[in-house]
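query_3.txt (compact mmCIF, C-alpha atoms and all ligand atoms) appears below.
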```
# COMPACT_ATOMS: atom_id res chain seq x y z
CA MET A 1 86.26 101.55 122.31
CA ALA A 2 88.37 100.46 119.36
CA ALA A 3 92.09 100.19 120.12
CA ILE A 4 93.08 101.73 116.80
CA ILE A 5 90.95 104.28 114.98
CA VAL A 6 92.17 105.69 111.69
CA GLU A 7 90.18 108.24 109.68
CA ASN A 8 91.04 109.80 106.33
CA LEU A 9 94.71 109.41 107.04
CA GLN A 10 96.99 110.82 104.36
CA LYS A 11 100.72 111.10 103.93
CA SER A 12 102.35 112.69 100.92
CA TYR A 13 106.05 113.14 100.33
CA ARG A 14 107.46 115.88 98.16
CA VAL A 15 110.44 114.52 96.34
CA PHE A 16 112.87 116.33 94.08
CA ARG A 17 113.07 114.77 90.66
CA LYS A 18 116.37 115.37 88.96
CA PRO A 19 116.16 115.09 85.20
CA SER A 20 118.74 112.77 83.66
CA GLY A 21 121.88 113.82 81.84
CA PHE A 22 124.07 116.92 81.90
CA ARG A 23 121.38 119.13 80.35
CA GLY A 24 118.96 117.96 82.97
CA THR A 25 121.38 118.79 85.76
CA LEU A 26 121.88 122.27 84.31
CA GLN A 27 118.15 122.79 83.88
CA SER A 28 117.48 121.67 87.43
CA LEU A 29 119.65 124.51 88.71
CA PHE A 30 117.04 126.97 87.49
CA HIS A 31 113.89 124.95 87.40
CA ARG A 32 113.33 122.37 90.08
CA GLU A 33 110.74 119.74 89.44
CA PHE A 34 109.06 118.21 92.41
CA THR A 35 106.93 115.16 92.49
CA THR A 36 104.36 114.54 95.18
CA VAL A 37 104.19 110.92 96.20
CA HIS A 38 100.87 110.04 97.79
CA ALA A 39 102.08 107.20 99.97
CA VAL A 40 98.86 106.99 101.98
CA ARG A 41 95.63 108.57 100.78
CA ASN A 42 92.40 108.50 102.73
CA VAL A 43 93.03 105.45 104.78
CA GLY A 44 90.48 104.48 107.43
CA PHE A 45 89.90 101.45 109.64
CA ARG A 46 89.17 100.42 113.22
CA ILE A 47 90.77 97.62 115.14
CA GLU A 48 89.28 96.24 118.34
CA PRO A 49 91.40 95.44 121.39
CA GLY A 50 92.96 91.99 121.14
CA GLU A 51 92.45 91.70 117.41
CA ILE A 52 95.26 90.51 115.18
CA VAL A 53 94.88 91.93 111.71
CA ALA A 54 96.89 91.42 108.53
CA PHE A 55 97.75 94.53 106.57
CA LEU A 56 98.45 93.40 103.04
CA GLY A 57 99.30 95.03 99.76
CA PRO A 58 101.77 95.03 96.89
CA ASN A 59 105.17 96.76 97.11
CA GLY A 60 104.86 100.49 97.60
CA ALA A 61 101.19 100.28 98.62
CA GLY A 62 101.64 102.36 101.77
CA LYS A 63 101.83 99.69 104.49
CA THR A 64 105.08 100.78 106.14
CA THR A 65 104.06 104.43 105.88
CA THR A 66 100.78 103.68 107.69
CA LEU A 67 102.63 101.81 110.44
CA LYS A 68 105.12 104.68 110.78
CA LEU A 69 102.22 107.10 111.17
CA LEU A 70 100.63 104.91 113.83
CA ALA A 71 103.95 104.62 115.65
CA GLY A 72 104.34 108.40 115.54
CA LEU A 73 107.51 108.31 113.46
CA VAL A 74 106.09 110.59 110.78
CA TYR A 75 103.45 113.32 110.72
CA PRO A 76 100.42 112.93 108.49
CA THR A 77 99.59 115.34 105.70
CA ALA A 78 95.92 115.12 106.71
CA GLY A 79 93.53 112.98 108.70
CA THR A 80 93.40 111.58 112.19
CA ALA A 81 94.35 108.48 114.11
CA THR A 82 94.21 107.39 117.71
CA VAL A 83 95.83 104.36 119.22
CA LEU A 84 94.60 103.52 122.74
CA GLY A 85 93.26 107.06 122.81
CA HIS A 86 96.63 108.64 121.96
CA VAL A 87 97.39 110.63 118.85
CA PRO A 88 100.61 108.87 117.80
CA TRP A 89 102.51 111.81 116.30
CA LEU A 90 102.19 113.80 119.54
CA ARG A 91 104.75 111.31 120.82
CA GLU A 92 103.59 111.30 124.42
CA THR A 93 105.74 109.25 126.76
CA ALA A 94 102.56 107.60 128.01
CA TYR A 95 101.90 106.35 124.47
CA ARG A 96 105.47 105.18 123.89
CA ARG A 97 105.14 102.82 126.81
CA ARG A 98 102.00 101.19 125.43
CA PHE A 99 103.05 100.08 121.94
CA SER A 100 105.96 98.63 119.99
CA LEU A 101 106.99 98.66 116.37
CA VAL A 102 109.10 95.84 114.97
CA MET A 103 110.54 96.29 111.51
CA GLY A 104 112.00 93.17 109.94
CA GLN A 105 114.09 95.29 107.59
CA LYS A 106 115.58 97.41 110.30
CA ASN A 107 117.89 96.58 113.11
CA GLN A 108 116.96 98.29 116.35
CA LEU A 109 119.48 96.57 118.63
CA TRP A 110 123.06 97.70 119.17
CA TRP A 111 125.02 95.83 116.55
CA ASP A 112 128.31 95.43 118.40
CA LEU A 113 126.90 94.71 121.84
CA PRO A 114 125.22 91.62 123.25
CA ALA A 115 121.42 91.81 123.10
CA ILE A 116 121.23 91.83 126.90
CA GLU A 117 122.75 95.31 126.93
CA SER A 118 120.09 96.64 124.59
CA PHE A 119 117.47 94.97 126.77
CA GLN A 120 118.89 96.68 129.86
CA LEU A 121 118.75 100.00 128.06
CA HIS A 122 115.09 99.30 127.33
CA ARG A 123 114.52 98.60 131.01
CA GLU A 124 115.89 102.07 131.80
CA ILE A 125 114.03 103.88 129.03
CA TYR A 126 110.71 102.26 129.79
CA ARG A 127 111.35 102.27 133.56
CA ILE A 128 110.51 98.60 133.87
CA GLU A 129 110.58 97.43 137.44
CA PRO A 130 113.65 95.08 137.91
CA ASP A 131 111.75 91.98 139.09
CA HIS A 132 109.20 92.35 136.37
CA TYR A 133 111.95 92.87 133.79
CA GLN A 134 113.77 89.72 134.88
CA ARG A 135 110.61 87.63 134.80
CA ARG A 136 109.64 88.89 131.38
CA LEU A 137 113.18 88.43 130.03
CA ASP A 138 113.37 84.85 131.29
CA GLU A 139 109.97 84.06 129.83
CA LEU A 140 110.69 85.58 126.42
CA THR A 141 114.20 84.17 125.99
CA SER A 142 113.00 80.71 126.89
CA LEU A 143 109.92 80.86 124.65
CA LEU A 144 112.07 82.02 121.76
CA GLU A 145 114.90 79.61 122.63
CA VAL A 146 117.65 82.20 122.74
CA THR A 147 118.57 82.18 126.45
CA LYS A 148 122.14 81.15 125.68
CA LEU A 149 122.65 83.82 123.05
CA ILE A 150 121.80 87.03 124.86
CA ARG A 151 125.43 87.61 125.87
CA GLN A 152 126.80 87.25 122.37
CA PRO A 153 127.32 90.37 120.22
CA VAL A 154 124.29 90.84 118.00
CA ARG A 155 126.42 90.97 114.85
CA GLU A 156 127.45 87.35 115.47
CA LEU A 157 123.87 86.09 115.51
CA SER A 158 122.03 84.57 112.58
CA LEU A 159 119.21 86.58 111.03
CA GLY A 160 116.59 84.35 112.69
CA GLU A 161 118.22 84.69 116.11
CA ARG A 162 118.54 88.44 115.69
CA MET A 163 114.89 88.77 114.73
CA ARG A 164 113.92 86.89 117.88
CA MET A 165 116.04 89.31 119.93
CA GLU A 166 114.26 92.22 118.23
CA LEU A 167 110.94 90.73 119.31
CA ILE A 168 112.14 90.38 122.90
CA ALA A 169 113.27 94.01 122.96
CA ALA A 170 109.87 95.03 121.62
CA LEU A 171 107.94 93.03 124.20
CA LEU A 172 109.85 93.64 127.42
CA HIS A 173 107.68 96.58 128.43
CA ASP A 174 104.40 94.67 127.87
CA PRO A 175 103.02 96.73 124.99
CA GLU A 176 99.28 96.55 124.47
CA VAL A 177 99.60 97.29 120.76
CA LEU A 178 102.16 95.71 118.48
CA PHE A 179 102.96 96.85 114.96
CA LEU A 180 104.85 94.20 113.03
CA ASP A 181 106.30 95.21 109.68
CA GLU A 182 107.46 92.06 107.91
CA PRO A 183 108.76 90.32 111.03
CA THR A 184 109.75 87.17 109.15
CA ILE A 185 111.38 88.71 106.09
CA GLY A 186 114.39 86.76 104.90
CA LEU A 187 113.99 84.01 107.50
CA ASP A 188 114.19 80.34 106.61
CA VAL A 189 111.05 78.26 106.90
CA VAL A 190 111.93 76.85 110.34
CA SER A 191 112.68 80.27 111.87
CA GLN A 192 109.57 81.68 110.22
CA ARG A 193 107.46 79.01 111.84
CA LYS A 194 109.07 79.61 115.23
CA VAL A 195 108.28 83.30 115.05
CA GLN A 196 104.70 82.56 113.96
CA GLU A 197 104.18 80.05 116.77
CA PHE A 198 105.64 82.41 119.32
CA LEU A 199 103.48 85.32 118.16
CA ARG A 200 100.36 83.20 118.16
CA TYR A 201 101.00 81.93 121.66
CA TYR A 202 102.07 85.27 123.09
CA GLN A 203 99.24 87.22 121.52
CA ALA A 204 96.70 84.73 122.87
CA GLU A 205 98.27 85.00 126.35
CA ARG A 206 98.53 88.75 126.52
CA LYS A 207 95.67 89.76 124.20
CA MET A 208 97.75 92.36 122.41
CA THR A 209 96.25 94.24 119.51
CA VAL A 210 98.41 93.42 116.50
CA LEU A 211 98.69 94.91 113.04
CA LEU A 212 100.94 92.77 110.87
CA THR A 213 102.34 93.27 107.40
CA SER A 214 103.92 90.37 105.60
CA HIS A 215 104.49 89.15 102.11
CA TYR A 216 104.44 85.57 103.43
CA MET A 217 100.92 84.30 103.41
CA LYS A 218 101.94 81.55 105.83
CA ASP A 219 102.30 84.26 108.51
CA VAL A 220 98.89 85.59 107.69
CA GLU A 221 97.23 82.19 107.65
CA ALA A 222 98.85 81.25 110.95
CA LEU A 223 97.95 84.43 112.77
CA CYS A 224 95.12 86.47 111.31
CA ARG A 225 91.47 86.08 110.60
CA ARG A 226 90.91 89.57 109.29
CA ALA A 227 92.81 91.27 106.51
CA ILE A 228 92.95 94.86 105.38
CA ILE A 229 94.21 95.21 101.85
CA ILE A 230 95.81 98.42 100.69
CA SER A 231 96.89 99.37 97.21
CA HIS A 232 98.03 102.73 95.83
CA GLY A 233 97.64 104.16 99.33
CA GLN A 234 93.96 103.26 99.57
CA ILE A 235 92.09 100.54 101.39
CA ARG A 236 90.64 98.06 98.92
CA HIS A 237 89.24 95.46 101.22
CA ASP A 238 88.65 94.98 104.90
CA GLY A 239 87.11 91.81 106.24
CA PRO A 240 87.54 88.16 107.09
CA LEU A 241 90.32 86.38 105.22
CA GLU A 242 87.82 83.74 104.16
CA GLU A 243 85.84 86.36 102.29
CA ILE A 244 88.82 87.05 100.08
CA LEU A 245 89.35 83.34 99.63
CA ASP A 246 85.70 82.87 98.70
CA ARG A 247 85.55 85.78 96.34
CA PHE A 248 88.83 85.18 94.63
CA SER A 249 89.03 81.47 94.90
CA SER A 250 86.63 80.47 92.19
CA GLN A 251 89.20 77.86 91.19
CA LYS A 252 90.46 74.84 93.08
CA TRP A 253 93.17 72.30 92.45
CA ILE A 254 92.52 68.63 91.75
CA GLN A 255 95.55 66.42 92.27
CA LEU A 256 95.55 63.09 90.52
CA GLN A 257 97.84 60.13 90.46
CA PHE A 258 97.24 57.80 87.55
CA ALA A 259 97.82 54.07 87.70
CA ASN A 260 100.74 52.80 85.61
CA GLY A 261 100.56 53.88 82.01
CA ALA A 262 97.07 55.28 82.32
CA MET A 263 98.06 58.91 81.98
CA PRO A 264 95.79 60.48 79.32
CA GLU A 265 97.11 63.04 76.86
CA ASP A 266 94.12 65.30 76.63
CA LEU A 267 93.95 66.44 80.23
CA GLU A 268 93.41 70.05 79.19
CA ARG A 269 89.84 69.01 78.42
CA PHE A 270 89.20 68.76 82.16
CA GLY A 271 90.97 71.86 83.39
CA LYS A 272 94.15 73.88 83.29
CA VAL A 273 97.20 71.71 83.90
CA THR A 274 99.26 73.60 86.46
CA GLU A 275 101.72 70.82 87.27
CA LEU A 276 102.69 67.75 85.28
CA LYS A 277 104.88 65.14 86.92
CA PRO A 278 103.76 61.80 85.48
CA PRO A 279 102.04 59.87 86.83
CA ARG A 280 100.95 62.87 88.92
CA VAL A 281 99.13 65.91 87.65
CA LYS A 282 97.54 69.01 89.10
CA LEU A 283 94.51 70.54 87.41
CA GLU A 284 93.00 73.92 88.13
CA VAL A 285 89.24 73.77 87.77
CA PRO A 286 86.24 75.93 88.60
CA ARG A 287 85.06 75.15 92.12
CA THR A 288 81.48 74.54 91.01
CA GLN A 289 82.44 71.93 88.43
CA ILE A 290 84.52 69.73 90.70
CA PRO A 291 81.94 66.93 91.13
CA GLU A 292 81.33 66.42 87.40
CA ILE A 293 84.99 66.71 86.45
CA LEU A 294 85.98 64.23 89.14
CA SER A 295 83.35 61.72 88.17
CA ALA A 296 84.27 62.02 84.49
CA LEU A 297 87.93 61.40 85.30
CA LEU A 298 87.26 58.53 87.67
CA SER A 299 84.93 56.73 85.27
CA ARG A 300 87.37 57.00 82.38
CA TYR A 301 90.80 56.38 83.85
CA ALA A 302 92.54 54.19 86.37
CA ILE A 303 93.37 56.62 89.13
CA GLU A 304 95.33 55.62 92.22
CA ASP A 305 95.02 58.73 94.27
CA VAL A 306 92.98 61.90 94.17
CA GLY A 307 92.78 65.06 96.24
CA VAL A 308 91.11 68.45 96.08
CA GLN A 309 92.99 71.48 97.33
CA GLU A 310 92.29 75.14 97.92
CA ARG A 311 94.65 77.33 95.98
CA PRO A 312 97.29 78.73 98.32
CA LEU A 313 96.44 82.09 99.87
CA GLU A 314 99.54 83.48 98.17
CA GLU A 315 98.04 82.96 94.73
CA VAL A 316 94.64 84.24 95.75
CA ILE A 317 96.06 87.45 97.19
CA ALA A 318 98.25 87.95 94.14
CA GLU A 319 95.14 87.63 92.01
CA PHE A 320 93.38 90.13 94.24
CA PHE A 321 96.22 92.62 93.79
CA THR A 322 95.92 92.43 90.03
CA SER A 323 92.12 92.43 90.02
CA ASP A 324 90.07 95.48 89.05
CA ASP A 325 89.41 96.17 92.74
CA CYS A 326 93.06 96.74 93.35
CA ALA A 327 94.68 97.73 90.12
CA GLU A 328 92.57 100.78 89.42
CA ASP A 329 94.69 103.26 87.56
CA LEU A 330 95.30 105.81 90.25
CA PRO A 331 97.95 108.43 89.82
CA THR A 332 100.10 108.18 92.95
CA ARG A 333 102.52 110.82 91.74
CA ASP A 334 101.71 114.38 90.67
CA THR A 335 104.39 116.38 89.00
CA VAL A 336 104.63 119.98 90.05
CA GLY A 337 107.07 122.46 88.63
CA ALA A 338 108.49 125.06 91.01
CA LYS A 339 110.92 127.88 90.40
N1 LIG B 401 110.45 109.06 102.97
C1 LIG B 401 109.88 108.93 101.77
N2 LIG B 401 110.08 109.86 100.82
C2 LIG B 401 109.49 109.75 99.60
N3 LIG B 401 108.68 108.74 99.25
C3 LIG B 401 108.45 107.77 100.16
C4 LIG B 401 109.03 107.81 101.46
N4 LIG B 401 108.61 106.73 102.15
C5 LIG B 401 107.81 106.05 101.32
N5 LIG B 401 107.71 106.64 100.12
C6 LIG B 401 106.90 106.20 98.96
O1 LIG B 401 105.59 105.95 99.42
C7 LIG B 401 105.03 104.81 98.80
C8 LIG B 401 104.59 103.82 99.88
O2 LIG B 401 105.75 103.28 100.54
P1 LIG B 401 105.66 102.23 101.71
O3 LIG B 401 107.04 102.02 102.21
O4 LIG B 401 104.65 102.66 102.70
O5 LIG B 401 105.15 100.92 100.95
P2 LIG B 401 104.94 99.45 101.48
O6 LIG B 401 103.49 99.11 101.27
O7 LIG B 401 105.49 99.30 102.85
O8 LIG B 401 105.79 98.60 100.43
P3 LIG B 401 106.71 97.27 100.64
O9 LIG B 401 105.77 96.11 100.57
O10 LIG B 401 107.61 97.31 99.45
O11 LIG B 401 107.42 97.41 101.95
C9 LIG B 401 106.10 104.28 97.86
O12 LIG B 401 105.82 104.77 96.58
C10 LIG B 401 107.37 104.86 98.41
O13 LIG B 401 108.32 105.05 97.39
MG MG B 402 107.04 98.19 103.66
```

Is it possible to give me this structure as structure tokens?
Amino acid sequence: MAAIIVENLQKSYRVFRKPSGFRGTLQSLFHREFTTVHAVRNVGFRIEPGEIVAFLGPNGAGKTTTLKLLAGLVYPTAGTATVLGHVPWLRETAYRRRFSLVMGQKNQLWWDLPAIESFQLHREIYRIEPDHYQRRLDELTSLLEVTKLIRQPVRELSLGERMRMELIAALLHDPEVLFLDEPTIGLDVVSQRKVQEFLRYYQAERKMTVLLTSHYMKDVEALCRRAIIISHGQIRHDGPLEEILDRFSSQKWIQLQFANGAMPEDLERFGKVTELKPPRVKLEVPRTQIPEILSALLSRYAIEDVGVQERPLEEVIAEFFTSDDCAEDLPTRDTVGAK
């Protein structure tokens, strides 16, 4: 059975819209205008046990809302979901012990206390057996290289160190399902890579089912083979990452380094110049025309070095977000007047 099953899931928020200015304030005393925000509309997908899936979409697409629904933090407006057979918003203790939600934007540890005290609290809450707790704690702190820092108040830690502590807290009770909402947000490249490497290793070891949102495509490339893309609260794509790359990567990059003084002026003839740092240049060209363009360039000019590159996933996904598939003009807000 699938670990996560989501069907027609919807979440709308009713928000009060205060008109601007003094007149507006006065008017709103008698006539309140509400707007319905459809954060998630008709979302459906299935995730198999042990899968690690990227959940991607532009700002405001509904990613965090979906994860909050699956973690049982908010009730849906309509639809169903089960995670490991549990309906998340029933908030059964049995379910709580089987999953974790990590939010990069939110601090879940006690700010003024050393992380170890939050970990101990977790041990109590999740009733983790002491030996098991100690083994898991030792393993996680050493994998994440923070053993020496667990007795230091959390507020004194760097963002990267704090994020690693958040991950430890989330993993102490051996969750089978892990929801990661932007776990590397704001981290420097080195910390980002450490978190990626850790997650990759740990997921492979423990075969957790993982749903990951991130705006950093490096995370996605490092960890996921399948991506679900959401926009305006609706799923736009669900499949292998390569499919998106294939479909939206009709262009590739040719990198050239010209021999001294051989840099031609009319490079635009061969493709779109995306970077110009003489004697180096980067051309964006249609994938299918690479052989002819390359041979034309090589026969005409003295070229020292040449390379063909895929466009970075970042660019491809950005293109996907602005494509017709994604940018359909859907009203996500309805305005309703109420007395
Ligand atoms: N509690 C709330 N009350 C009203 N509207 C909300 C609430 N939470 C989310 N929304 C709205 O729902 C929509 C989806 O928000 P959500 O946080 O799920 O997006 P997201 O995909 O996580 O975006 P981001 O990439 O910026 O984190 C947005 O338009 C947001 O303003
Ligand atoms: Mg979000």

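Put simply, atom CA of A:Trp89 is 26.0 Å away from atom CA of A:Arg226.
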
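Of the residues under consideration (A:Glu242, A:Pro58, A:Glu197, A:Pro19), A:Glu242 shows the shortest atom-to-atom contact distance to A:Arg225 when counting only C-alpha atoms.
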
Residue nearest A:Leu140 among A:Ala54, A:Leu276, A:Met165, A:Val6 (counting only C-alpha atoms): A:Met165

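With distances restricted to all atoms listed in the file, A:His232 is the closest residue to ligand LIG 401 (chain B) from A:Arg162, A:His232, A:Arg32, A:Arg155.
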
Kindly list the centre and edge lengths in Å, rounded to one decimal, for the axis-aligned box that covers all listed atoms of stretch 251-260 of chain A plus 6 Å on each of its six sides, as lines of an AutoDock Vina configuration file.
```
center_x = 95.0
center_y = 65.3
center_z = 89.3
size_x = 23.5
size_y = 37.1
size_z = 19.5
```

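With all atoms listed in the file as the basis for measurement, A:Lys11 is the residue among A:His122, A:Arg164, A:Lys11, A:Arg98 that approaches A:Leu67 most closely.
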
Shortest interatomic distance to ligand MG 402 (chain B) - which of A:Phe258, A:Phe30, A:Phe55, A:Phe45, counting only C-alpha atoms and all ligand atoms: A:Phe55

Spatial neighbours of stretch 113-115 of chain A, 6 Å, all atoms listed in the file, chain gap at least 6 places, as a list of chain:residue names: A:Ile150, A:Arg151, A:Gln152, A:Pro153, A:Val154

If you count all atoms listed in the file, which residues end up within 9 Å of ligand MG 402 (chain B), as a PDB file with C-alpha atoms, in the frame of the given file?
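The file below, pocket-v9.pdb, is the result:
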```pdb
ATOM      1  CA  ASN A  59     105.170  96.760  97.110  1.00  0.00           C
ATOM      2  CA  GLY A  60     104.860 100.490  97.600  1.00  0.00           C
ATOM      3  CA  ALA A  61     101.190 100.280  98.620  1.00  0.00           C
ATOM      4  CA  GLY A  62     101.640 102.360 101.770  1.00  0.00           C
ATOM      5  CA  LYS A  63     101.830  99.690 104.490  1.00  0.00           C
ATOM      6  CA  THR A  64     105.080 100.780 106.140  1.00  0.00           C
ATOM      7  CA  THR A  65     104.060 104.430 105.880  1.00  0.00           C
ATOM      8  CA  LEU A  67     102.630 101.810 110.440  1.00  0.00           C
ATOM      9  CA  MET A 103     110.540  96.290 111.510  1.00  0.00           C
ATOM     10  CA  GLN A 105     114.090  95.290 107.590  1.00  0.00           C
ATOM     11  CA  ASP A 181     106.300  95.210 109.680  1.00  0.00           C
ATOM     12  CA  GLU A 182     107.460  92.060 107.910  1.00  0.00           C
ATOM     13  CA  THR A 213     102.340  93.270 107.400  1.00  0.00           C
ATOM     14  CA  SER A 214     103.920  90.370 105.600  1.00  0.00           C
TER      15      SER A 214
END
```

Will you model all heavy atoms for stretch 60-69 of chain A and pass it back as a PDB file, in the coordinates of the input?
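Result file is result-v7.pdb:
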```
ATOM      1  N   GLY A  60     105.123  99.066  97.780  1.00  0.00           N
ATOM      2  CA  GLY A  60     104.860 100.490  97.600  1.00  0.00           C
ATOM      3  C   GLY A  60     103.419 100.893  97.851  1.00  0.00           C
ATOM      4  O   GLY A  60     103.010 102.009  97.541  1.00  0.00           O
ATOM      5  N   ALA A  61     102.618 100.000  98.441  1.00  0.00           N
ATOM      6  CA  ALA A  61     101.190 100.280  98.620  1.00  0.00           C
ATOM      7  C   ALA A  61     100.918 101.295  99.724  1.00  0.00           C
ATOM      8  O   ALA A  61      99.877 101.941  99.744  1.00  0.00           O
ATOM      9  CB  ALA A  61     100.452  98.977  98.944  1.00  0.00           C
ATOM     10  N   GLY A  62     101.849 101.413 100.671  1.00  0.00           N
ATOM     11  CA  GLY A  62     101.640 102.360 101.770  1.00  0.00           C
ATOM     12  C   GLY A  62     101.566 101.690 103.133  1.00  0.00           C
ATOM     13  O   GLY A  62     101.191 102.337 104.124  1.00  0.00           O
ATOM     14  N   LYS A  63     101.939 100.428 103.221  1.00  0.00           N
ATOM     15  CA  LYS A  63     101.830  99.690 104.490  1.00  0.00           C
ATOM     16  C   LYS A  63     102.802 100.242 105.541  1.00  0.00           C
ATOM     17  O   LYS A  63     102.390 100.601 106.646  1.00  0.00           O
ATOM     18  CB  LYS A  63     102.122  98.189 104.272  1.00  0.00           C
ATOM     19  CG  LYS A  63     101.202  97.533 103.264  1.00  0.00           C
ATOM     20  CD  LYS A  63     101.565  96.088 103.027  1.00  0.00           C
ATOM     21  CE  LYS A  63     102.951  95.869 102.464  1.00  0.00           C
ATOM     22  NZ  LYS A  63     103.149  96.286 101.079  1.00  0.00           N
ATOM     23  N   THR A  64     104.087 100.299 105.177  1.00  0.00           N
ATOM     24  CA  THR A  64     105.080 100.780 106.140  1.00  0.00           C
ATOM     25  C   THR A  64     104.780 102.221 106.541  1.00  0.00           C
ATOM     26  O   THR A  64     104.884 102.587 107.713  1.00  0.00           O
ATOM     27  CB  THR A  64     106.500 100.661 105.551  1.00  0.00           C
ATOM     28  OG1 THR A  64     106.743  99.281 105.273  1.00  0.00           O
ATOM     29  CG2 THR A  64     107.558 101.162 106.519  1.00  0.00           C
ATOM     30  N   THR A  65     104.376 103.033 105.578  1.00  0.00           N
ATOM     31  CA  THR A  65     104.060 104.430 105.880  1.00  0.00           C
ATOM     32  C   THR A  65     102.916 104.503 106.905  1.00  0.00           C
ATOM     33  O   THR A  65     102.981 105.284 107.859  1.00  0.00           O
ATOM     34  CB  THR A  65     103.677 105.196 104.597  1.00  0.00           C
ATOM     35  OG1 THR A  65     104.715 105.003 103.644  1.00  0.00           O
ATOM     36  CG2 THR A  65     103.475 106.675 104.863  1.00  0.00           C
ATOM     37  N   THR A  66     101.890 103.680 106.727  1.00  0.00           N
ATOM     38  CA  THR A  66     100.780 103.680 107.690  1.00  0.00           C
ATOM     39  C   THR A  66     101.276 103.277 109.078  1.00  0.00           C
ATOM     40  O   THR A  66     100.922 103.917 110.077  1.00  0.00           O
ATOM     41  CB  THR A  66      99.660 102.705 107.219  1.00  0.00           C
ATOM     42  OG1 THR A  66      99.278 103.067 105.898  1.00  0.00           O
ATOM     43  CG2 THR A  66      98.451 102.759 108.130  1.00  0.00           C
ATOM     44  N   LEU A  67     102.112 102.238 109.131  1.00  0.00           N
ATOM     45  CA  LEU A  67     102.630 101.810 110.440  1.00  0.00           C
ATOM     46  C   LEU A  67     103.499 102.896 111.069  1.00  0.00           C
ATOM     47  O   LEU A  67     103.449 103.132 112.275  1.00  0.00           O
ATOM     48  CB  LEU A  67     103.414 100.501 110.322  1.00  0.00           C
ATOM     49  CG  LEU A  67     102.615  99.256 109.945  1.00  0.00           C
ATOM     50  CD1 LEU A  67     103.469  98.003 110.101  1.00  0.00           C
ATOM     51  CD2 LEU A  67     101.370  99.113 110.801  1.00  0.00           C
ATOM     52  N   LYS A  68     104.286 103.586 110.243  1.00  0.00           N
ATOM     53  CA  LYS A  68     105.120 104.680 110.780  1.00  0.00           C
ATOM     54  C   LYS A  68     104.248 105.799 111.331  1.00  0.00           C
ATOM     55  O   LYS A  68     104.575 106.408 112.350  1.00  0.00           O
ATOM     56  CB  LYS A  68     106.027 105.233 109.675  1.00  0.00           C
ATOM     57  CG  LYS A  68     107.244 104.378 109.398  1.00  0.00           C
ATOM     58  CD  LYS A  68     108.092 105.067 108.349  1.00  0.00           C
ATOM     59  CE  LYS A  68     109.380 104.359 108.076  1.00  0.00           C
ATOM     60  NZ  LYS A  68     110.041 104.935 106.875  1.00  0.00           N
ATOM     61  N   LEU A  69     103.142 106.073 110.660  1.00  0.00           N
ATOM     62  CA  LEU A  69     102.220 107.100 111.170  1.00  0.00           C
ATOM     63  C   LEU A  69     101.648 106.668 112.512  1.00  0.00           C
ATOM     64  O   LEU A  69     101.615 107.452 113.463  1.00  0.00           O
ATOM     65  CB  LEU A  69     101.076 107.317 110.159  1.00  0.00           C
ATOM     66  CG  LEU A  69     101.434 108.106 108.891  1.00  0.00           C
ATOM     67  CD1 LEU A  69     100.391 107.871 107.807  1.00  0.00           C
ATOM     68  CD2 LEU A  69     101.543 109.603 109.191  1.00  0.00           C
TER      69      LEU A  69
END
```
